[in-house]
>>> print(open('upload_30.pdb').read())   # PDB, C-alpha atoms, pLDDT in the B column
ATOM      1  CA  MET A 602      15.254   2.593 -31.052  1.00 48.00           C
ATOM      2  CA  ALA A 603      15.668   0.634 -27.818  1.00 51.00           C
ATOM      3  CA  ARG A 604      16.267  -3.069 -28.067  1.00 55.00           C
ATOM      4  CA  ARG A 605      13.616  -5.417 -26.745  1.00 57.00           C
ATOM      5  CA  ASN A 606      15.260  -5.966 -23.342  1.00 58.00           C
ATOM      6  CA  GLU A 607      16.396  -2.363 -22.820  1.00 56.00           C
ATOM      7  CA  ILE A 608      14.463   0.036 -20.637  1.00 57.00           C
ATOM      8  CA  PRO A 609      14.235   3.546 -22.043  1.00 69.00           C
ATOM      9  CA  SER A 610      16.079   6.017 -19.819  1.00 78.00           C
ATOM     10  CA  ARG A 611      12.895   7.891 -18.775  1.00 75.00           C
ATOM     11  CA  ASP A 612      11.347   4.635 -17.540  1.00 80.00           C
ATOM     12  CA  ALA A 613      14.502   3.864 -15.563  1.00 84.00           C
ATOM     13  CA  GLU A 614      14.468   7.383 -14.109  1.00 86.00           C
ATOM     14  CA  ILE A 615      10.827   7.039 -13.047  1.00 87.00           C
ATOM     15  CA  SER A 616      11.516   3.626 -11.498  1.00 89.00           C
ATOM     16  CA  ALA A 617      14.427   5.063  -9.535  1.00 90.00           C
ATOM     17  CA  LEU A 618      12.354   8.012  -8.301  1.00 91.00           C
ATOM     18  CA  VAL A 619       9.492   5.730  -7.263  1.00 92.00           C
ATOM     19  CA  SER A 620      11.896   3.400  -5.462  1.00 93.00           C
ATOM     20  CA  ILE A 621      13.465   6.290  -3.530  1.00 94.00           C
ATOM     21  CA  ALA A 622      10.015   7.666  -2.683  1.00 93.00           C
ATOM     22  CA  GLN A 623       8.849   4.219  -1.547  1.00 95.00           C
ATOM     23  CA  VAL A 624      11.774   3.950   0.888  1.00 96.00           C
ATOM     24  CA  ARG A 625      11.118   7.485   2.152  1.00 95.00           C
ATOM     25  CA  MET A 626       7.418   6.675   2.597  1.00 95.00           C
ATOM     26  CA  PHE A 627       8.240   3.727   4.842  1.00 97.00           C
ATOM     27  CA  GLU A 628      10.876   5.708   6.784  1.00 95.00           C
ATOM     28  CA  LEU A 629       8.345   8.434   7.552  1.00 94.00           C
ATOM     29  CA  ALA A 630       5.616   5.889   8.270  1.00 95.00           C
ATOM     30  CA  LYS A 631       7.853   4.221  10.850  1.00 95.00           C
ATOM     31  CA  LYS A 632       8.357   7.590  12.580  1.00 93.00           C
ATOM     32  CA  ARG A 633       4.563   7.758  12.897  1.00 92.00           C
ATOM     33  CA  GLY A 634       4.337   4.297  14.445  1.00 94.00           C
ATOM     34  CA  PHE A 635       3.673   2.287  11.293  1.00 96.00           C
ATOM     35  CA  THR A 636       6.412  -0.292  11.814  1.00 96.00           C
ATOM     36  CA  ALA A 637       6.703  -3.427   9.693  1.00 96.00           C
ATOM     37  CA  LYS A 638       4.947  -5.361  12.450  1.00 96.00           C
ATOM     38  CA  VAL A 639       2.046  -2.877  12.577  1.00 96.00           C
ATOM     39  CA  LEU A 640       1.759  -2.868   8.777  1.00 97.00           C
ATOM     40  CA  HIS A 641       1.753  -6.672   8.779  1.00 97.00           C
ATOM     41  CA  LEU A 642      -1.035  -6.772  11.361  1.00 96.00           C
ATOM     42  CA  GLU A 643      -3.087  -4.153   9.505  1.00 96.00           C
ATOM     43  CA  THR A 644      -2.688  -5.582   5.995  1.00 96.00           C
ATOM     44  CA  GLY A 645      -1.784  -9.255   6.298  1.00 96.00           C
ATOM     45  CA  ILE A 646       1.282  -8.650   4.116  1.00 97.00           C
ATOM     46  CA  SER A 647       4.188 -10.786   5.320  1.00 96.00           C
ATOM     47  CA  THR A 648       6.970  -9.043   7.206  1.00 95.00           C
ATOM     48  CA  SER A 649       9.521 -10.436   4.747  1.00 96.00           C
ATOM     49  CA  THR A 650       7.664  -8.875   1.813  1.00 97.00           C
ATOM     50  CA  LEU A 651       7.326  -5.622   3.718  1.00 97.00           C
ATOM     51  CA  GLY A 652      11.046  -5.786   4.520  1.00 96.00           C
ATOM     52  CA  GLY A 653      11.898  -5.816   0.824  1.00 96.00           C
ATOM     53  CA  TRP A 654       9.649  -2.843   0.160  1.00 96.00           C
ATOM     54  CA  ILE A 655      10.979  -0.942   3.179  1.00 96.00           C
ATOM     55  CA  ALA A 656      14.601  -1.522   2.132  1.00 96.00           C
ATOM     56  CA  GLY A 657      13.810  -0.678  -1.490  1.00 93.00           C
ATOM     57  CA  THR A 658      15.089  -4.030  -2.727  1.00 94.00           C
ATOM     58  CA  SER A 659      11.716  -4.769  -4.299  1.00 94.00           C
ATOM     59  CA  MET A 660       9.006  -2.550  -5.699  1.00 94.00           C
ATOM     60  CA  MET A 661       5.640  -2.534  -4.023  1.00 95.00           C
ATOM     61  CA  PRO A 662       2.936  -3.817  -6.400  1.00 95.00           C
ATOM     62  CA  LEU A 663      -0.351  -1.982  -6.781  1.00 94.00           C
ATOM     63  CA  ASP A 664      -2.312  -4.427  -4.618  1.00 95.00           C
ATOM     64  CA  GLY A 665       0.177  -3.899  -1.777  1.00 95.00           C
ATOM     65  CA  PHE A 666      -0.154  -0.158  -2.193  1.00 94.00           C
ATOM     66  CA  VAL A 667      -3.952  -0.422  -2.016  1.00 95.00           C
ATOM     67  CA  LYS A 668      -3.674  -2.472   1.186  1.00 96.00           C
ATOM     68  CA  LEU A 669      -1.577   0.324   2.728  1.00 95.00           C
ATOM     69  CA  ALA A 670      -4.063   2.921   1.519  1.00 93.00           C
ATOM     70  CA  ALA A 671      -6.859   0.960   3.189  1.00 93.00           C
ATOM     71  CA  ILE A 672      -5.270   1.457   6.625  1.00 95.00           C
ATOM     72  CA  GLU A 673      -7.581   4.049   8.131  1.00 87.00           C
ATOM     73  CA  ASP A 674      -4.939   6.360   9.611  1.00 89.00           C
ATOM     74  CA  PHE A 675      -2.180   5.882   7.042  1.00 93.00           C
ATOM     75  CA  PRO A 676      -1.445   9.466   5.918  1.00 91.00           C
ATOM     76  CA  ASN A 677      -2.275  10.551   2.381  1.00 90.00           C
ATOM     77  CA  GLU A 678       0.864  12.662   2.229  1.00 90.00           C
ATOM     78  CA  LEU A 679       2.940   9.493   2.663  1.00 93.00           C
ATOM     79  CA  LEU A 680       0.876   7.548   0.138  1.00 93.00           C
ATOM     80  CA  SER A 681       1.473  10.422  -2.281  1.00 92.00           C
ATOM     81  CA  LEU A 682       5.274  10.168  -2.182  1.00 92.00           C
ATOM     82  CA  PRO A 683       5.600   7.492  -4.913  1.00 91.00           C
ATOM     83  CA  PHE A 684       3.449   9.652  -7.199  1.00 90.00           C
ATOM     84  CA  GLU A 685       5.681  12.722  -6.996  1.00 88.00           C
ATOM     85  CA  ALA A 686       7.433  11.655 -10.200  1.00 85.00           C
ATOM     86  CA  ALA A 687       4.059  12.127 -11.929  1.00 86.00           C
ATOM     87  CA  LYS A 688       3.296  15.318  -9.975  1.00 84.00           C
ATOM     88  CA  ARG A 689       0.172  13.710  -8.468  1.00 85.00           C
ATOM     89  CA  SER A 690      -1.076  13.122  -4.949  1.00 83.00           C
ATOM     90  CA  ILE A 691      -3.581  11.017  -3.043  1.00 83.00           C
ATOM     91  CA  SER A 692      -6.614  12.576  -1.398  1.00 76.00           C
ATOM     92  CA  ASP A 693      -9.681  11.182   0.300  1.00 71.00           C
ATOM     93  CA  ALA A 694     -12.614  10.158  -1.868  1.00 62.00           C
ATOM     94  CA  GLU A 695     -15.002  12.366   0.085  1.00 58.00           C
ATOM     95  CA  PRO A 696     -13.612  15.917  -0.110  1.00 52.00           C
ATOM     96  CA  ASP A 697     -16.738  17.362   1.513  1.00 50.00           C
ATOM     97  CA  GLU A 698     -15.658  15.869   4.843  1.00 53.00           C
ATOM     98  CA  THR A 699     -13.174  18.629   5.603  1.00 57.00           C
ATOM     99  CA  ASP A 700     -11.377  19.646   8.722  1.00 73.00           C
ATOM    100  CA  VAL A 701     -10.143  23.203   8.873  1.00 78.00           C
ATOM    101  CA  ASP A 702      -8.435  22.488  12.207  1.00 78.00           C
ATOM    102  CA  ASP A 703      -6.187  19.885  10.534  1.00 81.00           C
ATOM    103  CA  ALA A 704      -5.274  22.384   7.817  1.00 84.00           C
ATOM    104  CA  ALA A 705      -4.453  25.052  10.392  1.00 85.00           C
ATOM    105  CA  ILE A 706      -2.263  22.653  12.373  1.00 86.00           C
ATOM    106  CA  ALA A 707      -0.497  21.556   9.167  1.00 88.00           C
ATOM    107  CA  ALA A 708       0.137  25.207   8.285  1.00 91.00           C
ATOM    108  CA  LEU A 709       1.673  25.806  11.697  1.00 91.00           C
ATOM    109  CA  GLU A 710       3.798  22.653  11.392  1.00 91.00           C
ATOM    110  CA  TYR A 711       5.044  23.813   7.988  1.00 92.00           C
ATOM    111  CA  ALA A 712       5.856  27.261   9.358  1.00 93.00           C
ATOM    112  CA  LEU A 713       7.700  25.666  12.271  1.00 92.00           C
ATOM    113  CA  GLU A 714       9.776  23.375  10.000  1.00 91.00           C
ATOM    114  CA  TRP A 715      10.628  26.351   7.786  1.00 93.00           C
ATOM    115  CA  ALA A 716      11.579  28.506  10.782  1.00 92.00           C
ATOM    116  CA  ARG A 717      13.743  25.745  12.298  1.00 91.00           C
ATOM    117  CA  ALA A 718      15.563  25.210   9.002  1.00 92.00           C
ATOM    118  CA  ARG A 719      16.154  28.948   8.513  1.00 92.00           C
ATOM    119  CA  HIS A 720      17.142  29.668  12.109  1.00 92.00           C
ATOM    120  CA  PRO A 721      20.741  30.910  12.488  1.00 91.00           C
ATOM    121  CA  ALA A 722      21.402  28.055  14.961  1.00 90.00           C
ATOM    122  CA  SER A 723      20.315  25.358  12.466  1.00 89.00           C
ATOM    123  CA  PRO A 724      23.004  23.103  10.890  1.00 87.00           C
ATOM    124  CA  SER A 725      23.520  25.414   7.890  1.00 88.00           C
ATOM    125  CA  GLY A 726      22.488  28.673   9.474  1.00 88.00           C
ATOM    126  CA  THR A 727      19.844  30.544   7.542  1.00 91.00           C
ATOM    127  CA  ARG A 728      20.413  28.400   4.429  1.00 91.00           C
ATOM    128  CA  ILE A 729      18.200  25.305   4.154  1.00 90.00           C
ATOM    129  CA  ASP A 730      20.536  22.386   3.468  1.00 90.00           C
ATOM    130  CA  HIS A 731      20.038  18.859   2.122  1.00 89.00           C
ATOM    131  CA  THR A 732      19.381  17.452   5.592  1.00 89.00           C
ATOM    132  CA  GLU A 733      16.594  19.944   6.264  1.00 90.00           C
ATOM    133  CA  LYS A 734      14.905  20.031   2.847  1.00 90.00           C
ATOM    134  CA  PRO A 735      13.139  16.640   3.200  1.00 91.00           C
ATOM    135  CA  ASN A 736      11.454  17.702   6.452  1.00 89.00           C
ATOM    136  CA  VAL A 737      10.375  21.055   5.026  1.00 91.00           C
ATOM    137  CA  ALA A 738       9.115  19.359   1.845  1.00 90.00           C
ATOM    138  CA  GLN A 739       7.235  16.713   3.830  1.00 90.00           C
ATOM    139  CA  ALA A 740       5.564  19.392   5.962  1.00 91.00           C
ATOM    140  CA  GLY A 741       4.620  21.184   2.730  1.00 90.00           C
ATOM    141  CA  ARG A 742       3.068  18.032   1.270  1.00 88.00           C
ATOM    142  CA  HIS A 743       1.166  17.464   4.507  1.00 88.00           C
ATOM    143  CA  LEU A 744      -0.120  21.040   4.382  1.00 89.00           C
ATOM    144  CA  ALA A 745      -1.170  20.639   0.738  1.00 87.00           C
ATOM    145  CA  ASP A 746      -2.973  17.401   1.590  1.00 83.00           C
ATOM    146  CA  ARG A 747      -4.826  18.952   4.525  1.00 82.00           C
ATOM    147  CA  ALA A 748      -5.608  22.188   2.675  1.00 83.00           C
ATOM    148  CA  GLY A 749      -6.954  20.168  -0.253  1.00 77.00           C
ATOM    149  CA  LYS A 750      -9.558  18.679   2.060  1.00 74.00           C
ATOM    150  CA  VAL A 751     -10.932  22.046   3.113  1.00 76.00           C
ATOM    151  CA  GLY A 752     -14.067  22.791   1.134  1.00 64.00           C
ATOM    152  CA  GLY A 753     -15.817  26.116   1.191  1.00 55.00           C
ATOM    153  CA  ALA A 754     -14.562  27.000   4.668  1.00 47.00           C
TER     154      ALA A 754
END
>>> encode(input="upload_30.pdb", output="C-alpha coordinates")
Amino acid sequence: MARRNEIPSRDAEISALVSIAQVRMFELAKKRGFTAKVLHLETGISTSTLGGWIAGTSMMPLDGFVKLAAIEDFPNELLSLPFEAAKRSISDAEPDETDVDDAAIAALEYALEWARARHPASPSGTRIDHTEKPNVAQAGRHLADRAGKVGGA
(Lines of atoms letter the chains of each structure in order from A and count residues from 1; the text may use other names and numbers.)
(Lines give C-alpha, C1' and ligand atoms only; values in the text may rest on other atoms or scores of the structure.)
Protein backbone atom coordinates (compact mmCIF):
# COMPACT_ATOMS: atom_id res chain seq x y z
CA MET A 1 0.00 0.00 0.00
CA ALA A 2 1.33 3.45 -0.90
CA ARG A 3 2.29 5.75 1.90
CA ARG A 4 0.28 8.92 2.41
CA ASN A 5 2.67 11.19 0.49
CA GLU A 6 3.46 8.73 -2.32
CA ILE A 7 1.77 8.95 -5.69
CA PRO A 8 0.83 5.59 -7.15
CA SER A 9 2.80 4.90 -10.33
CA ARG A 10 -0.28 5.02 -12.61
CA ASP A 11 -1.13 8.51 -11.33
CA ALA A 12 2.44 9.64 -11.97
CA GLU A 13 2.31 8.13 -15.46
CA ILE A 14 -0.96 9.94 -16.24
CA SER A 15 0.45 13.22 -14.91
CA ALA A 16 3.52 12.84 -17.10
CA LEU A 17 1.43 12.07 -20.19
CA VAL A 18 -0.85 15.04 -19.54
CA SER A 19 2.14 17.33 -19.03
CA ILE A 20 3.73 16.21 -22.31
CA ALA A 21 0.41 16.61 -24.12
CA GLN A 22 -0.07 20.08 -22.61
CA VAL A 23 3.32 21.21 -23.94
CA ARG A 24 2.54 19.72 -27.36
CA MET A 25 -0.86 21.45 -27.37
CA PHE A 26 0.77 24.84 -26.85
CA GLU A 27 3.50 24.12 -29.43
CA LEU A 28 0.89 23.31 -32.06
CA ALA A 29 -1.30 26.22 -31.00
CA LYS A 30 1.62 28.60 -31.51
CA LYS A 31 2.08 27.26 -35.05
CA ARG A 32 -1.55 28.24 -35.67
CA GLY A 33 -1.02 31.77 -34.37
CA PHE A 34 -2.11 31.24 -30.77
CA THR A 35 0.97 32.77 -29.14
CA ALA A 36 1.16 33.49 -25.42
CA LYS A 37 0.28 37.11 -26.16
CA VAL A 38 -2.80 36.12 -28.20
CA LEU A 39 -3.89 33.64 -25.52
CA HIS A 40 -3.45 36.33 -22.86
CA LEU A 41 -5.59 38.78 -24.83
CA GLU A 42 -8.28 36.17 -25.49
CA THR A 43 -8.48 34.74 -21.96
CA GLY A 44 -7.10 37.32 -19.55
CA ILE A 45 -4.67 34.72 -18.20
CA SER A 46 -1.34 36.35 -17.35
CA THR A 47 1.55 35.73 -19.71
CA SER A 48 3.66 34.47 -16.80
CA THR A 49 1.05 31.85 -15.94
CA LEU A 50 0.75 30.90 -19.59
CA GLY A 51 4.54 30.68 -19.78
CA GLY A 52 4.58 28.03 -17.06
CA TRP A 53 1.91 26.02 -18.83
CA ILE A 54 3.62 26.38 -22.21
CA ALA A 55 6.97 25.24 -20.80
CA GLY A 56 5.33 22.41 -18.87
CA THR A 57 6.70 23.65 -15.55
CA SER A 58 3.18 23.91 -14.16
CA MET A 59 -0.01 22.04 -14.91
CA MET A 60 -2.92 23.94 -16.36
CA PRO A 61 -5.90 23.89 -13.96
CA LEU A 62 -9.38 23.11 -15.21
CA ASP A 63 -10.53 26.74 -15.19
CA GLY A 64 -7.57 27.69 -17.40
CA PHE A 65 -8.42 24.84 -19.74
CA VAL A 66 -12.03 26.04 -19.96
CA LYS A 67 -10.83 29.56 -20.78
CA LEU A 68 -8.80 28.13 -23.68
CA ALA A 69 -11.78 26.07 -24.82
CA ALA A 70 -13.90 29.22 -24.84
CA ILE A 71 -11.68 30.80 -27.52
CA GLU A 72 -13.90 30.52 -30.57
CA ASP A 73 -11.30 29.26 -33.04
CA PHE A 74 -9.12 27.23 -30.68
CA PRO A 75 -9.07 23.78 -32.33
CA ASN A 76 -10.76 20.84 -30.63
CA GLU A 77 -8.00 18.51 -31.77
CA LEU A 78 -5.52 20.56 -29.71
CA LEU A 79 -7.83 20.72 -26.71
CA SER A 80 -8.11 16.94 -26.95
CA LEU A 81 -4.38 16.29 -26.57
CA PRO A 82 -4.33 16.28 -22.73
CA PHE A 83 -7.16 13.73 -22.77
CA GLU A 84 -5.32 11.18 -24.89
CA ALA A 85 -4.18 9.38 -21.74
CA ALA A 86 -7.88 8.68 -21.08
CA LYS A 87 -8.58 7.91 -24.76
CA ARG A 88 -11.09 10.79 -24.93
CA SER A 89 -11.48 13.84 -27.12
CA ILE A 90 -13.25 17.19 -27.19
CA SER A 91 -16.02 17.90 -29.67
CA ASP A 92 -18.46 20.74 -30.12
CA ALA A 93 -21.65 20.70 -28.08
CA GLU A 94 -23.81 21.00 -31.18
CA PRO A 95 -22.92 18.04 -33.42
CA ASP A 96 -25.78 18.84 -35.82
CA GLU A 97 -23.84 21.87 -37.06
CA THR A 98 -21.59 19.85 -39.35
CA ASP A 99 -19.30 20.79 -42.16
CA VAL A 100 -18.49 18.09 -44.66
CA ASP A 101 -16.04 20.43 -46.41
CA ASP A 102 -13.91 20.62 -43.24
CA ALA A 103 -13.90 16.83 -42.98
CA ALA A 104 -12.87 16.47 -46.62
CA ILE A 105 -10.04 18.98 -46.20
CA ALA A 106 -8.89 17.19 -43.02
CA ALA A 107 -8.89 13.88 -44.90
CA LEU A 108 -6.74 15.38 -47.63
CA GLU A 109 -4.37 16.90 -45.06
CA TYR A 110 -4.03 13.52 -43.36
CA ALA A 111 -3.36 11.81 -46.68
CA LEU A 112 -0.76 14.45 -47.51
CA GLU A 113 1.04 14.06 -44.14
CA TRP A 114 1.04 10.28 -44.58
CA ALA A 115 2.35 10.54 -48.15
CA ARG A 116 5.10 13.00 -47.14
CA ALA A 117 6.22 10.75 -44.29
CA ARG A 118 6.24 7.64 -46.51
CA HIS A 119 7.89 9.31 -49.50
CA PRO A 120 11.31 7.84 -50.38
CA ALA A 121 12.82 11.36 -50.10
CA SER A 122 11.55 11.85 -46.52
CA PRO A 123 14.09 11.75 -43.63
CA SER A 124 13.67 8.00 -43.07
CA GLY A 125 12.62 7.00 -46.55
CA THR A 126 9.42 5.00 -46.67
CA ARG A 127 9.56 4.30 -42.91
CA ILE A 128 7.72 6.82 -40.72
CA ASP A 129 10.19 7.87 -38.02
CA HIS A 130 9.83 9.58 -34.63
CA THR A 131 10.11 13.05 -36.17
CA GLU A 132 7.25 12.39 -38.59
CA LYS A 133 4.87 10.44 -36.34
CA PRO A 134 3.64 13.48 -34.35
CA ASN A 135 2.57 15.30 -37.53
CA VAL A 136 0.83 12.23 -38.93
CA ALA A 137 -0.88 11.60 -35.58
CA GLN A 138 -1.96 15.23 -35.28
CA ALA A 139 -3.44 15.16 -38.79
CA GLY A 140 -5.26 11.96 -37.81
CA ARG A 141 -6.71 13.57 -34.68
CA HIS A 142 -7.79 16.58 -36.72
CA LEU A 143 -9.49 14.27 -39.22
CA ALA A 144 -11.24 12.36 -36.43
CA ASP A 145 -12.42 15.64 -34.90
CA ARG A 146 -13.77 16.94 -38.21
CA ALA A 147 -15.31 13.60 -39.21
CA GLY A 148 -17.00 13.39 -35.81
CA LYS A 149 -18.85 16.60 -36.60
CA VAL A 150 -20.36 15.24 -39.81
CA GLY A 151 -23.91 14.13 -39.14
CA GLY A 152 -25.99 12.23 -41.63
CA ALA A 153 -24.13 13.64 -44.64
>>> atom_distance(input="upload_30.pdb", atom1="CA of Leu642 in chain A", atom2="CA of Pro676 in chain A")
17.1 Å
>>> atom_distance(input="upload_30.pdb", atom1="CA of Glu643 in chain A", atom2="CA of Glu673 in chain A")
9.5 Å
>>> closest_residue(input="upload_30.pdb", among="A:Thr727, A:Ser681, A:Ser647, A:Ser610", to="Arg625 in chain A", atoms="all atoms listed in the file")
A:Ser681
>>> closest_residue(input="upload_30.pdb", among="A:Leu663, A:Val737, A:Val619, A:Ala705", to="Gly749 in chain A", atoms="only C-alpha atoms")
A:Ala705
>>> residues_around(input="upload_30.pdb", residues="Gly665 in chain A", least_positions_apart="5", cutoff="12 Å", atoms="all atoms listed in the file", output="ChimeraX atom specification")
/A:623,640-641,643-647,650-651,654,659-660,670-672,680
>>> atom_distance(input="upload_30.pdb", atom1="CA of Asp730 in chain A", atom2="CA of Ala716 in chain A")
13.1 Å
